[in-house]
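J.: Please find my_file-v4.cif (mmCIF, C-alpha atoms) on the next line:
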data_target
#
loop_
_atom_site.label_atom_id
_atom_site.label_comp_id
_atom_site.auth_asym_id
_atom_site.auth_seq_id
_atom_site.Cartn_x
_atom_site.Cartn_y
_atom_site.Cartn_z
CA MET Q 1475 89.54 29.20 5.06
CA ASN Q 1476 93.16 30.20 5.45
CA THR Q 1477 94.45 32.02 2.38
CA ASN Q 1478 98.15 31.52 3.08
CA ARG Q 1479 99.43 30.04 -0.18
CA ASN Q 1480 103.10 30.83 0.17
CA ASP Q 1481 104.48 28.01 2.31
CA PRO Q 1482 108.11 27.79 1.13
CA ARG Q 1483 108.13 24.05 1.58
CA VAL Q 1484 105.55 23.63 -1.19
CA GLN Q 1485 107.30 23.55 -4.56
CA PRO Q 1486 106.00 23.17 -8.14
CA PHE Q 1487 106.49 19.69 -9.58
CA ARG Q 1488 106.86 18.43 -13.13
CA ILE Q 1489 107.02 14.82 -14.28
CA GLU Q 1490 110.33 14.30 -16.07
CA ILE Q 1491 111.18 10.65 -16.72
CA SER Q 1492 114.55 10.34 -18.44
CA ASP Q 1493 114.93 9.14 -22.01
CA ALA Q 1494 117.07 6.29 -20.68
CA ALA Q 1495 114.27 5.09 -18.39
CA VAL Q 1496 111.63 5.31 -21.12
CA ASN Q 1497 113.84 3.47 -23.61
CA ASP Q 1498 114.72 0.84 -21.02
CA LEU Q 1499 111.05 0.13 -20.33
CA ARG Q 1500 110.27 -0.18 -24.01
CA ALA Q 1501 113.23 -2.52 -24.57
CA ARG Q 1502 112.25 -4.74 -21.63
CA LEU Q 1503 108.69 -4.99 -22.93
CA ARG Q 1504 109.80 -5.86 -26.45
CA ASN Q 1505 112.23 -8.48 -25.13
CA ALA Q 1506 109.90 -9.92 -22.51
CA ARG Q 1507 110.25 -13.60 -21.66
CA PHE Q 1508 106.91 -15.39 -21.31
CA PRO Q 1509 106.36 -18.90 -19.90
CA GLN Q 1510 104.45 -21.67 -21.62
CA PRO Q 1511 100.76 -21.37 -20.79
CA LEU Q 1512 99.49 -23.45 -17.90
CA PRO Q 1513 97.06 -26.31 -18.64
CA VAL Q 1514 94.42 -24.00 -17.15
CA ASP Q 1515 95.15 -20.67 -18.77
CA ASP Q 1516 92.31 -18.32 -17.88
CA ARG Q 1517 91.43 -15.68 -15.30
CA SER Q 1518 91.12 -18.28 -12.57
CA THR Q 1519 94.92 -18.67 -12.65
CA GLY Q 1520 95.95 -15.11 -13.56
CA ILE Q 1521 96.02 -13.13 -16.81
CA PRO Q 1522 95.53 -15.45 -19.83
CA SER Q 1523 98.75 -15.72 -21.82
CA VAL Q 1524 97.47 -14.46 -25.17
CA GLU Q 1525 95.74 -11.49 -23.51
CA LEU Q 1526 98.83 -10.53 -21.52
CA GLN Q 1527 101.21 -10.82 -24.46
CA ASP Q 1528 98.94 -8.68 -26.63
CA LEU Q 1529 98.70 -5.98 -23.95
CA ILE Q 1530 102.45 -5.96 -23.37
CA ALA Q 1531 103.05 -5.50 -27.11
CA ARG Q 1532 100.62 -2.56 -27.10
CA TRP Q 1533 102.15 -1.07 -23.95
CA ALA Q 1534 105.57 -1.11 -25.67
CA GLU Q 1535 104.13 1.30 -28.27
CA HIS Q 1536 102.53 3.65 -25.73
CA ASP Q 1537 103.72 7.26 -25.99
CA TRP Q 1538 104.90 8.19 -22.49
CA ARG Q 1539 106.00 11.64 -23.64
CA ALA Q 1540 102.41 12.44 -24.60
CA THR Q 1541 101.40 11.26 -21.11
CA GLU Q 1542 103.92 13.60 -19.50
CA GLU Q 1543 102.76 16.53 -21.60
CA ARG Q 1544 99.12 15.97 -20.64
CA LEU Q 1545 99.79 15.47 -16.94
CA ASN Q 1546 102.22 18.38 -16.73
CA ALA Q 1547 99.41 20.64 -17.90
CA LEU Q 1548 97.93 19.99 -14.44
CA PRO Q 1549 99.34 22.09 -11.58
CA GLN Q 1550 101.35 19.75 -9.38
CA ILE Q 1551 103.30 20.30 -6.17
CA ILE Q 1552 105.70 18.39 -3.97
CA THR Q 1553 106.48 19.03 -0.31
CA PRO Q 1554 108.51 17.23 2.37
CA ILE Q 1555 106.47 16.23 5.43
CA ASP Q 1556 108.60 14.81 8.24
CA GLY Q 1557 111.16 13.84 5.61
CA GLN Q 1558 108.64 12.15 3.32
CA SER Q 1559 108.13 13.68 -0.12
CA ILE Q 1560 104.41 14.14 -0.82
CA HIS Q 1561 103.29 14.78 -4.39
CA ALA Q 1562 99.87 16.16 -5.32
CA VAL Q 1563 97.84 17.67 -8.10
CA HIS Q 1564 96.30 20.91 -6.83
CA VAL Q 1565 93.68 22.61 -8.97
CA ARG Q 1566 91.85 25.68 -7.74
CA SER Q 1567 88.32 26.37 -8.93
CA PRO Q 1568 87.55 29.56 -10.87
CA HIS Q 1569 84.70 30.08 -8.40
CA PRO Q 1570 85.94 31.94 -5.29
CA GLU Q 1571 83.64 30.21 -2.78
CA ALA Q 1572 84.69 26.70 -3.80
CA THR Q 1573 84.86 24.03 -1.10
CA PRO Q 1574 88.29 22.36 -0.68
CA LEU Q 1575 88.15 18.64 -1.52
CA LEU Q 1576 90.91 16.10 -0.81
CA LEU Q 1577 90.70 13.02 -3.08
CA LEU Q 1578 92.49 9.86 -1.92
CA HIS Q 1579 93.28 6.90 -4.15
CA GLY Q 1580 93.96 3.29 -3.16
CA TRP Q 1581 95.99 0.28 -4.26
CA PRO Q 1582 96.77 -0.61 -7.04
CA GLY Q 1583 95.64 2.78 -8.27
CA SER Q 1584 97.17 6.25 -8.21
CA PHE Q 1585 96.33 9.93 -8.50
CA LEU Q 1586 95.53 9.16 -12.16
CA GLU Q 1587 92.20 7.69 -11.07
CA PHE Q 1588 90.76 11.16 -10.49
CA GLU Q 1589 92.02 12.97 -13.58
CA ALA Q 1590 88.66 13.00 -15.38
CA LEU Q 1591 86.87 14.38 -12.30
CA ILE Q 1592 88.94 17.57 -12.10
CA GLY Q 1593 86.92 19.54 -14.62
CA PRO Q 1594 83.42 18.72 -13.31
CA LEU Q 1595 84.49 19.25 -9.70
CA THR Q 1596 86.40 22.52 -10.11
CA ASP Q 1597 84.21 24.14 -12.77
CA PRO Q 1598 80.68 22.71 -12.57
CA VAL Q 1599 79.25 25.61 -14.58
CA ALA Q 1600 81.33 24.59 -17.61
CA HIS Q 1601 79.86 21.10 -17.25
CA GLY Q 1602 76.22 22.14 -16.95
CA GLY Q 1603 76.16 22.49 -13.16
CA ASP Q 1604 75.93 25.11 -10.43
CA ALA Q 1605 78.79 27.29 -9.19
CA ALA Q 1606 77.68 26.53 -5.62
CA ASP Q 1607 78.92 22.96 -6.17
CA ALA Q 1608 82.47 24.01 -7.06
CA PHE Q 1609 85.51 22.48 -5.37
CA ASP Q 1610 89.20 23.22 -5.12
CA VAL Q 1611 90.70 19.75 -5.56
CA VAL Q 1612 93.83 18.28 -4.01
CA ILE Q 1613 94.81 14.85 -5.37
CA PRO Q 1614 97.89 13.50 -3.57
CA SER Q 1615 99.94 10.43 -4.23
CA LEU Q 1616 99.75 8.60 -0.93
CA PRO Q 1617 103.11 7.98 0.80
CA GLY Q 1618 104.91 5.10 -0.93
CA PHE Q 1619 102.93 5.50 -4.16
CA GLY Q 1620 104.12 7.08 -7.39
CA PHE Q 1621 105.97 10.34 -6.90
CA SER Q 1622 105.53 10.26 -3.10
CA THR Q 1623 108.62 8.07 -2.97
CA PRO Q 1624 111.07 6.88 -1.80
CA LEU Q 1625 109.35 5.87 1.41
CA VAL Q 1626 110.85 7.32 4.60
CA GLY Q 1627 110.06 5.82 8.01
CA ALA Q 1628 108.76 2.44 9.12
CA SER Q 1629 105.33 3.37 10.47
CA TRP Q 1630 102.75 4.14 7.79
CA GLY Q 1631 99.35 2.99 8.98
CA THR Q 1632 96.18 4.88 8.19
CA ALA Q 1633 96.73 7.28 11.11
CA GLU Q 1634 100.22 8.24 9.91
CA MET Q 1635 99.01 8.70 6.33
CA ALA Q 1636 96.12 10.77 7.64
CA ALA Q 1637 98.51 13.02 9.57
CA SER Q 1638 100.57 13.64 6.43
CA MET Q 1639 97.45 14.49 4.44
CA LEU Q 1640 96.28 16.86 7.17
CA GLU Q 1641 99.62 18.66 7.08
CA LEU Q 1642 99.43 18.81 3.28
CA MET Q 1643 96.09 20.61 3.46
CA THR Q 1644 97.49 23.00 6.06
CA ARG Q 1645 100.42 23.87 3.80
CA LEU Q 1646 98.08 24.48 0.87
CA GLY Q 1647 96.12 26.95 2.98
CA TYR Q 1648 92.96 25.00 3.76
CA ASP Q 1649 91.61 25.12 7.30
CA ARG Q 1650 88.40 23.20 6.56
CA PHE Q 1651 87.78 20.69 3.80
CA VAL Q 1652 85.94 17.57 2.63
CA VAL Q 1653 87.72 14.23 2.14
CA GLN Q 1654 86.77 11.56 -0.41
CA GLY Q 1655 88.48 8.21 -0.87
CA GLY Q 1656 88.26 4.63 -2.04
CA ASP Q 1657 90.16 1.46 -1.08
CA VAL Q 1658 93.18 2.55 1.01
CA GLY Q 1659 91.89 6.11 0.66
CA ALA Q 1660 88.61 5.05 2.26
CA GLY Q 1661 90.58 3.95 5.31
CA VAL Q 1662 92.67 7.12 5.48
CA ALA Q 1663 89.76 9.55 4.98
CA PRO Q 1664 87.92 8.89 8.28
CA GLU Q 1665 91.24 8.90 10.15
CA ILE Q 1666 91.75 12.50 9.07
CA GLY Q 1667 88.37 13.23 10.66
CA ARG Q 1668 89.49 11.54 13.87
CA LEU Q 1669 92.69 13.57 13.96
CA ALA Q 1670 90.99 16.91 13.28
CA PRO Q 1671 87.18 16.71 13.50
CA GLU Q 1672 86.97 20.49 13.72
CA ARG Q 1673 88.60 20.80 10.30
CA VAL Q 1674 86.90 18.04 8.31
CA ILE Q 1675 83.53 19.18 6.98
CA GLY Q 1676 82.60 15.69 5.85
CA VAL Q 1677 84.00 12.31 4.81
CA HIS Q 1678 82.78 10.61 1.63
CA VAL Q 1679 83.94 7.15 0.57
CA ASN Q 1680 83.11 4.67 -2.14
CA GLY Q 1681 83.11 0.98 -1.32
CA SER Q 1682 83.56 0.52 2.40
CA LEU Q 1683 85.03 2.24 5.43
CA GLY Q 1684 86.88 -0.96 6.33
CA ASN Q 1685 84.60 -2.99 8.62
CA PHE Q 1686 83.64 -5.97 6.47
CA ALA Q 1687 81.88 -7.97 9.23
CA GLY Q 1688 83.02 -11.25 7.75
CA ASP Q 1689 82.65 -13.14 11.05
CA LEU Q 1690 78.86 -12.90 11.36
CA ASP Q 1691 77.01 -15.95 12.67
CA ASP Q 1692 74.35 -17.64 10.57
CA GLU Q 1693 71.49 -16.25 12.65
CA THR Q 1694 72.65 -12.68 12.09
CA VAL Q 1695 73.16 -13.28 8.38
CA ALA Q 1696 69.64 -14.68 8.11
CA SER Q 1697 68.27 -11.40 9.53
CA LEU Q 1698 69.93 -9.29 6.83
CA THR Q 1699 68.41 -8.04 3.60
CA PRO Q 1700 69.04 -10.05 0.42
CA LEU Q 1701 71.49 -7.36 -0.74
CA GLU Q 1702 73.42 -7.55 2.54
CA GLN Q 1703 73.40 -11.35 2.49
CA ASP Q 1704 74.92 -11.31 -1.00
CA ARG Q 1705 77.65 -8.96 0.21
CA VAL Q 1706 78.44 -11.20 3.18
CA ARG Q 1707 78.65 -14.16 0.80
CA ARG Q 1708 81.07 -12.30 -1.44
CA ILE Q 1709 83.18 -11.18 1.53
CA ARG Q 1710 83.53 -14.82 2.59
CA GLU Q 1711 84.40 -15.91 -0.94
CA PHE Q 1712 87.02 -13.19 -1.14
CA MET Q 1713 88.63 -14.30 2.14
CA GLN Q 1714 88.67 -17.88 0.90
CA ASN Q 1715 89.72 -17.45 -2.73
CA GLU Q 1716 91.31 -14.03 -3.24
CA PHE Q 1717 93.24 -13.24 -0.06
CA GLY Q 1718 96.56 -14.45 -1.45
CA TYR Q 1719 97.79 -11.07 -2.71
CA ILE Q 1720 97.13 -9.54 0.74
CA ALA Q 1721 99.03 -12.35 2.46
CA ILE Q 1722 102.03 -11.80 0.20
CA GLN Q 1723 102.05 -8.00 0.30
CA SER Q 1724 101.46 -7.80 4.04
CA THR Q 1725 104.21 -10.28 4.95
CA ARG Q 1726 106.76 -9.81 2.14
CA PRO Q 1727 106.45 -6.30 0.69
CA GLY Q 1728 110.21 -6.15 0.18
CA LEU Q 1729 110.11 -9.35 -1.86
CA VAL Q 1730 107.23 -7.99 -3.93
CA GLY Q 1731 109.26 -4.85 -4.55
CA GLN Q 1732 112.35 -6.77 -5.64
CA VAL Q 1733 110.44 -8.97 -8.07
CA LEU Q 1734 108.20 -6.33 -9.63
CA SER Q 1735 110.79 -3.56 -9.80
CA ASP Q 1736 112.89 -5.66 -12.20
CA SER Q 1737 110.08 -6.88 -14.44
CA PRO Q 1738 107.62 -4.50 -16.06
CA VAL Q 1739 105.63 -7.49 -17.30
CA GLY Q 1740 105.37 -8.76 -13.74
CA GLN Q 1741 104.41 -5.29 -12.48
CA PHE Q 1742 101.77 -4.96 -15.18
CA ALA Q 1743 100.26 -8.42 -14.62
CA TRP Q 1744 100.22 -7.98 -10.81
CA ILE Q 1745 98.20 -4.77 -11.15
CA LEU Q 1746 95.97 -5.91 -14.00
CA ASP Q 1747 94.92 -9.03 -12.09
CA LYS Q 1748 93.34 -6.82 -9.41
CA LEU Q 1749 91.92 -4.31 -11.89
CA GLN Q 1750 90.22 -7.24 -13.57
CA ALA Q 1751 88.94 -8.75 -10.31
CA TRP Q 1752 87.51 -5.49 -8.97
CA THR Q 1753 85.83 -3.89 -11.98
CA HIS Q 1754 82.20 -4.52 -12.88
CA PRO Q 1755 80.93 -6.61 -14.53
CA ALA Q 1756 83.49 -9.29 -13.74
CA GLU Q 1757 83.22 -10.97 -17.13
CA ALA Q 1758 84.08 -7.77 -19.02
CA SER Q 1759 87.64 -6.69 -19.76
CA ALA Q 1760 89.06 -4.29 -17.18
CA VAL Q 1761 91.04 -2.68 -19.99
CA ASP Q 1762 87.80 -1.91 -21.82
CA ILE Q 1763 86.13 -0.61 -18.65
CA LEU Q 1764 88.97 1.56 -17.35
CA GLY Q 1765 90.56 2.43 -20.68
CA GLU Q 1766 93.84 1.27 -22.16
CA ARG Q 1767 95.47 4.63 -21.45
CA PHE Q 1768 94.91 4.41 -17.69
CA VAL Q 1769 95.96 0.76 -17.51
CA PHE Q 1770 99.27 1.48 -19.27
CA GLU Q 1771 99.98 4.77 -17.49
CA ASN Q 1772 99.15 3.46 -14.02
CA ALA Q 1773 101.51 0.51 -14.52
CA ALA Q 1774 104.18 2.82 -15.94
CA LEU Q 1775 103.89 5.09 -12.91
CA SER Q 1776 104.58 2.16 -10.58
CA TRP Q 1777 107.42 1.00 -12.82
CA PHE Q 1778 109.21 4.33 -13.22
CA THR Q 1779 109.02 5.06 -9.48
CA ALA Q 1780 109.85 1.44 -8.48
CA SER Q 1781 107.07 1.71 -5.91
CA ALA Q 1782 105.65 -1.83 -5.93
CA GLY Q 1783 107.28 -2.64 -2.59
CA SER Q 1784 106.62 0.66 -0.84
CA SER Q 1785 102.95 0.75 -1.91
CA ALA Q 1786 102.53 -2.81 -0.65
CA PHE Q 1787 104.28 -1.91 2.61
CA VAL Q 1788 102.05 1.12 3.20
CA GLY Q 1789 98.85 -0.47 1.98
CA TYR Q 1790 99.08 -3.87 3.63
CA ALA Q 1791 102.08 -4.46 5.90
CA GLN Q 1792 101.18 -2.08 8.72
CA GLN Q 1793 100.16 -3.58 12.05
CA GLY Q 1794 97.00 -2.53 13.82
CA ASP Q 1795 94.85 -1.41 10.87
CA TRP Q 1796 93.11 -4.61 9.89
CA GLY Q 1797 89.96 -5.50 11.82
CA SER Q 1798 90.25 -2.62 14.30
CA GLU Q 1799 87.10 -0.75 15.31
CA PRO Q 1800 87.95 2.81 16.36
CA GLU Q 1801 85.66 5.35 17.94
CA SER Q 1802 83.53 7.56 15.71
CA SER Q 1803 84.90 11.06 15.12
CA GLY Q 1804 81.41 12.47 14.81
CA VAL Q 1805 82.27 13.87 11.38
CA PRO Q 1806 79.32 13.50 8.96
CA THR Q 1807 80.11 10.57 6.70
CA ALA Q 1808 78.64 9.39 3.39
CA VAL Q 1809 79.16 6.03 1.68
CA ILE Q 1810 78.29 4.99 -1.87
CA VAL Q 1811 78.52 1.25 -2.56
CA PHE Q 1812 78.62 0.22 -6.21
CA ALA Q 1813 77.73 -3.25 -7.46
CA HIS Q 1814 81.15 -4.84 -7.00
CA ASP Q 1815 81.75 -3.59 -3.47
CA VAL Q 1816 80.58 -5.02 -0.16
CA GLY Q 1817 79.99 -2.23 2.35
CA LEU Q 1818 77.51 -3.04 5.14
CA ARG Q 1819 75.85 -0.06 6.81
CA PHE Q 1820 75.04 -1.75 10.12
CA ALA Q 1821 78.71 -2.71 10.52
CA GLU Q 1822 80.07 0.73 9.59
CA GLU Q 1823 77.71 2.67 11.89
CA ARG Q 1824 79.54 1.37 14.96
CA SER Q 1825 82.59 3.50 14.14
CA HIS Q 1826 81.30 6.29 11.91
CA ASN Q 1827 78.64 8.98 11.88
CA ILE Q 1828 76.84 7.76 8.76
CA VAL Q 1829 74.45 10.43 7.51
CA ARG Q 1830 74.13 9.27 3.91
CA TRP Q 1831 74.28 5.74 2.46
CA THR Q 1832 73.74 4.95 -1.21
CA ASP Q 1833 73.52 1.41 -2.58
CA VAL Q 1834 73.95 1.14 -6.35
CA GLU Q 1835 72.78 -2.18 -7.70
CA GLY Q 1836 73.90 -3.46 -11.07
CA ARG Q 1837 76.40 -0.69 -11.83
CA GLY Q 1838 79.98 0.15 -10.98
CA GLY Q 1839 83.00 -1.47 -9.46
CA HIS Q 1840 85.82 -0.67 -7.07
CA PHE Q 1841 87.28 2.12 -9.23
CA ALA Q 1842 84.30 4.44 -8.99
CA ALA Q 1843 86.04 7.59 -10.23
CA MET Q 1844 86.65 5.91 -13.59
CA GLU Q 1845 83.77 3.43 -13.80
CA GLU Q 1846 80.92 5.73 -12.73
CA PRO Q 1847 82.40 9.25 -12.64
CA GLU Q 1848 79.14 11.16 -13.13
CA MET Q 1849 77.36 9.24 -10.38
CA LEU Q 1850 80.28 9.64 -8.00
CA VAL Q 1851 80.55 13.38 -8.62
CA GLU Q 1852 76.82 13.88 -8.11
CA ASP Q 1853 76.84 11.87 -4.88
CA VAL Q 1854 79.69 14.00 -3.52
CA ARG Q 1855 77.87 17.18 -4.56
CA GLU Q 1856 74.60 16.12 -2.90
CA PHE Q 1857 76.41 15.13 0.28
CA VAL Q 1858 78.25 18.44 0.55
CA ARG Q 1859 75.05 20.39 -0.20
CA SER Q 1860 73.46 18.68 2.80
CA LEU Q 1861 76.25 19.93 5.06
CA ARG Q 1862 75.96 23.63 4.21
#
Would you encode the structure as structure tokens?
T.:
Amino acid sequence: MNTNRNDPRVQPFRIEISDAAVNDLRARLRNARFPQPLPVDDRSTGIPSVELQDLIARWAEHDWRATEERLNALPQIITPIDGQSIHAVHVRSPHPEATPLLLLHGWPGSFLEFEALIGPLTDPVAHGGDAADAFDVVIPSLPGFGFSTPLVGASWGTAEMAASMLELMTRLGYDRFVVQGGDVGAGVAPEIGRLAPERVIGVHVNGSLGNFAGDLDDETVASLTPLEQDRVRRIREFMQNEFGYIAIQSTRPGLVGQVLSDSPVGQFAWILDKLQAWTHPAEASAVDILGERFVFENAALSWFTASAGSSAFVGYAQQGDWGSEPESSGVPTAVIVFAHDVGLRFAEERSHNIVRWTDVEGRGGHFAAMEEPEMLVEDVREFVRSLR
């Protein structure tokens, strides 16, 4: 591991949202204009009116300054990579032989997803574990998300994001490292392995590596296990009933940005709709599952950085990422699939060197770092142990 930690392009970063911006958000929330409820006013049409209005009233009372104080206790950096500002939390383990670990979020999440994992990952001894399982953690904001804005450049597919993350790890002094990701991060993580297989010790993802195999014929589906058949069914239902947000964000990210950057209620509802759809169990409140603090802070992060359009552009509007089947990098890869998600091992093995696959039935959703943090941490630890 390279110990060069003095790259002049890497600068300390502190979150400092102006009083004017905080007061403006609170005023907009308190003066929000809500429509009359639709005749069908439930989660099949969006966020139910009473639920949304109650959450907005509570968000208006949220203490952003306390959020800043807590987050600024974490060591953060910012660095320009090919003109693009890249923000990250970078926490070194107290254990000198710690393995570097890059943690990649997705949409509509942020670096906040991984906050509760920092302690167990960097200092396992303090959490009842073994020093041999210690990690140095790097938690970036992907380009176009949060403080990695404004977005510079028109080409930001998974390969371009992977290249920026690889350069970030180089600047932080890490020659070899493990990558973990979910959602968009699960697409970027294996691309880093393809770009630099000699540097990536292993790739770990939760959910899926991106090959959903939704076009299987009936004969093939009939040959699958009951668990796999259920996942194929849910993939098809998603493509039929829930694809609308992808269609909008992939074709009109600028429009999404214009609309949501002028309405915090719109920004909040747009994000909460997906948090609700992708947590487990579906009938439970996503706010209860993920915590009110995260739901408010994640929405505030998108609002203060006006990143609704750029995160949609990066996450969905890039050509060539959807449905592609690249060559395997050969990098050892592990996948954990919680109850909500739909990863299919036989489909992923065509493009990845799968050495570990864990199906979790009845527990966990798309936001594994917050829904099942202990199980996710232990799966990462066991995977990395197997690579030593």
J.: Within 12 Å of range 1639-1647 of chain Q, counting all atoms listed in the file, which residues show up once you throw out same-chain ones fewer than 6 positions away? Write them as a PDB file with C-alpha atoms, keeping the file's coordinate frame, please.
T.:
ATOM      1  CA  MET Q1475      89.540  29.200   5.060  1.00  0.00           C
ATOM      2  CA  ASN Q1476      93.160  30.200   5.450  1.00  0.00           C
ATOM      3  CA  THR Q1477      94.450  32.020   2.380  1.00  0.00           C
ATOM      4  CA  ASN Q1478      98.150  31.520   3.080  1.00  0.00           C
ATOM      5  CA  ARG Q1479      99.430  30.040  -0.180  1.00  0.00           C
ATOM      6  CA  ASN Q1480     103.100  30.830   0.170  1.00  0.00           C
ATOM      7  CA  ASP Q1481     104.480  28.010   2.310  1.00  0.00           C
ATOM      8  CA  PRO Q1482     108.110  27.790   1.130  1.00  0.00           C
ATOM      9  CA  ARG Q1483     108.130  24.050   1.580  1.00  0.00           C
ATOM     10  CA  VAL Q1484     105.550  23.630  -1.190  1.00  0.00           C
ATOM     11  CA  GLN Q1485     107.300  23.550  -4.560  1.00  0.00           C
ATOM     12  CA  GLN Q1550     101.350  19.750  -9.380  1.00  0.00           C
ATOM     13  CA  ILE Q1551     103.300  20.300  -6.170  1.00  0.00           C
ATOM     14  CA  ILE Q1552     105.700  18.390  -3.970  1.00  0.00           C
ATOM     15  CA  THR Q1553     106.480  19.030  -0.310  1.00  0.00           C
ATOM     16  CA  PRO Q1554     108.510  17.230   2.370  1.00  0.00           C
ATOM     17  CA  ILE Q1555     106.470  16.230   5.430  1.00  0.00           C
ATOM     18  CA  ASP Q1556     108.600  14.810   8.240  1.00  0.00           C
ATOM     19  CA  GLN Q1558     108.640  12.150   3.320  1.00  0.00           C
ATOM     20  CA  SER Q1559     108.130  13.680  -0.120  1.00  0.00           C
ATOM     21  CA  ILE Q1560     104.410  14.140  -0.820  1.00  0.00           C
ATOM     22  CA  HIS Q1561     103.290  14.780  -4.390  1.00  0.00           C
ATOM     23  CA  ALA Q1562      99.870  16.160  -5.320  1.00  0.00           C
ATOM     24  CA  VAL Q1563      97.840  17.670  -8.100  1.00  0.00           C
ATOM     25  CA  HIS Q1564      96.300  20.910  -6.830  1.00  0.00           C
ATOM     26  CA  VAL Q1565      93.680  22.610  -8.970  1.00  0.00           C
ATOM     27  CA  ARG Q1566      91.850  25.680  -7.740  1.00  0.00           C
ATOM     28  CA  PRO Q1574      88.290  22.360  -0.680  1.00  0.00           C
ATOM     29  CA  LEU Q1575      88.150  18.640  -1.520  1.00  0.00           C
ATOM     30  CA  LEU Q1576      90.910  16.100  -0.810  1.00  0.00           C
ATOM     31  CA  LEU Q1577      90.700  13.020  -3.080  1.00  0.00           C
ATOM     32  CA  LEU Q1578      92.490   9.860  -1.920  1.00  0.00           C
ATOM     33  CA  ASP Q1610      89.200  23.220  -5.120  1.00  0.00           C
ATOM     34  CA  VAL Q1611      90.700  19.750  -5.560  1.00  0.00           C
ATOM     35  CA  VAL Q1612      93.830  18.280  -4.010  1.00  0.00           C
ATOM     36  CA  ILE Q1613      94.810  14.850  -5.370  1.00  0.00           C
ATOM     37  CA  PRO Q1614      97.890  13.500  -3.570  1.00  0.00           C
ATOM     38  CA  SER Q1615      99.940  10.430  -4.230  1.00  0.00           C
ATOM     39  CA  LEU Q1616      99.750   8.600  -0.930  1.00  0.00           C
ATOM     40  CA  PRO Q1617     103.110   7.980   0.800  1.00  0.00           C
ATOM     41  CA  SER Q1622     105.530  10.260  -3.100  1.00  0.00           C
ATOM     42  CA  THR Q1632      96.180   4.880   8.190  1.00  0.00           C
ATOM     43  CA  ALA Q1633      96.730   7.280  11.110  1.00  0.00           C
ATOM     44  CA  VAL Q1653      87.720  14.230   2.140  1.00  0.00           C
ATOM     45  CA  GLY Q1659      91.890   6.110   0.660  1.00  0.00           C
ATOM     46  CA  VAL Q1662      92.670   7.120   5.480  1.00  0.00           C
ATOM     47  CA  ALA Q1663      89.760   9.550   4.980  1.00  0.00           C
ATOM     48  CA  PRO Q1664      87.920   8.890   8.280  1.00  0.00           C
ATOM     49  CA  GLU Q1665      91.240   8.900  10.150  1.00  0.00           C
ATOM     50  CA  ILE Q1666      91.750  12.500   9.070  1.00  0.00           C
ATOM     51  CA  GLY Q1667      88.370  13.230  10.660  1.00  0.00           C
ATOM     52  CA  ARG Q1668      89.490  11.540  13.870  1.00  0.00           C
ATOM     53  CA  LEU Q1669      92.690  13.570  13.960  1.00  0.00           C
ATOM     54  CA  ALA Q1670      90.990  16.910  13.280  1.00  0.00           C
ATOM     55  CA  PRO Q1671      87.180  16.710  13.500  1.00  0.00           C
ATOM     56  CA  GLU Q1672      86.970  20.490  13.720  1.00  0.00           C
ATOM     57  CA  ARG Q1673      88.600  20.800  10.300  1.00  0.00           C
ATOM     58  CA  VAL Q1674      86.900  18.040   8.310  1.00  0.00           C
TER      59      VAL Q1674
END
J.: What gap, in Å, lies between CA of His1826 in chain Q and CA of Val1805 in chain Q?
T.: 7.7 Å
J.: Let me know the residues the PyMOL selection byres ((chain Q and resi 1719) around 12) catches in the file above, as JSON, numbers by chain.
T.: {"Q": [1520, 1581, 1582, 1712, 1713, 1714, 1715, 1716, 1717, 1718, 1720, 1721, 1722, 1723, 1724, 1725, 1726, 1727, 1730, 1744, 1745, 1747, 1748, 1751, 1786, 1789, 1790, 1791]}
J.: Find the residue from Q:Val1851, Q:Ala1636, Q:Ile1521, Q:Val1788 that sits nearest to Ala1760 in chain Q; use only C-alpha atoms when measuring.
T.: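 For Ala1760 in chain Q, the nearest of the candidates is Q:Ile1521.
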J.: Which residues are near Asp1736 in chain Q? Cut-off 10 Å, only C-alpha atoms, ignore same chain within fewer than 5 positions. Put them as a tab-separated table (two decimals) with C-alpha atoms, in the coordinates of the input.
T.:
chain	number	residue	atom	x	y	z
Q	1502	ARG	CA	112.25	-4.74	-21.63
Q	1731	GLY	CA	109.26	-4.85	-4.55
Q	1741	GLN	CA	104.41	-5.29	-12.48
Q	1777	TRP	CA	107.42	1.00	-12.82
Q	1780	ALA	CA	109.85	1.44	-8.48
J.: Under the rule that only C-alpha atoms are counted, which of Q:Gly1783, Q:Leu1749, Q:Ala1774, Q:Ser1584 is the nearest residue to Asp1762 in chain Q?
T.: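 Result for the nearest residue to Asp1762 in chain Q: Q:Leu1749.
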J.: Between CA of Gly1839 in chain Q and CA of Phe1812 in chain Q, measure the distance and give it in Å to one decimal.
T.: 5.7 Å
J.: Take CA of Ala1534 in chain Q and CA of Val1739 in chain Q and report the distance between them in Å, one decimal.
T.: 10.5 Å
J.: Translate the PyMOL selection byres ((chain Q and resi 1546) around 10) into a concrete residue list for this structure, as an MDAnalysis selection string.
T.: chainID Q and resid 1487:1490 1540:1545 1547:1550 1563
J.: Looking at Q:Gly1740, Q:Gly1620, Q:Gly1838, Q:Gly1602, which one is nearest to Ala1756 in chain Q, with distances taken over all atoms listed in the file?
T.: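 Closest residue, counting all atoms listed in the file: Q:Gly1838.
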J.: Which residue gives the smallest distance to Val1834 in chain Q among Q:Leu1701, Q:Val1769, Q:Ala1494, Q:Ile1709, with all atoms listed in the file counted?
T.: Q:Leu1701
J.: Tell me which residues the PyMOL selection byres ((chain Q and resi 1593) around 12) grabs here, as number ranges by chain.
T.: Q: 1548, 1565-1568, 1588-1592, 1594-1603, 1608-1611, 1847-1848, 1851
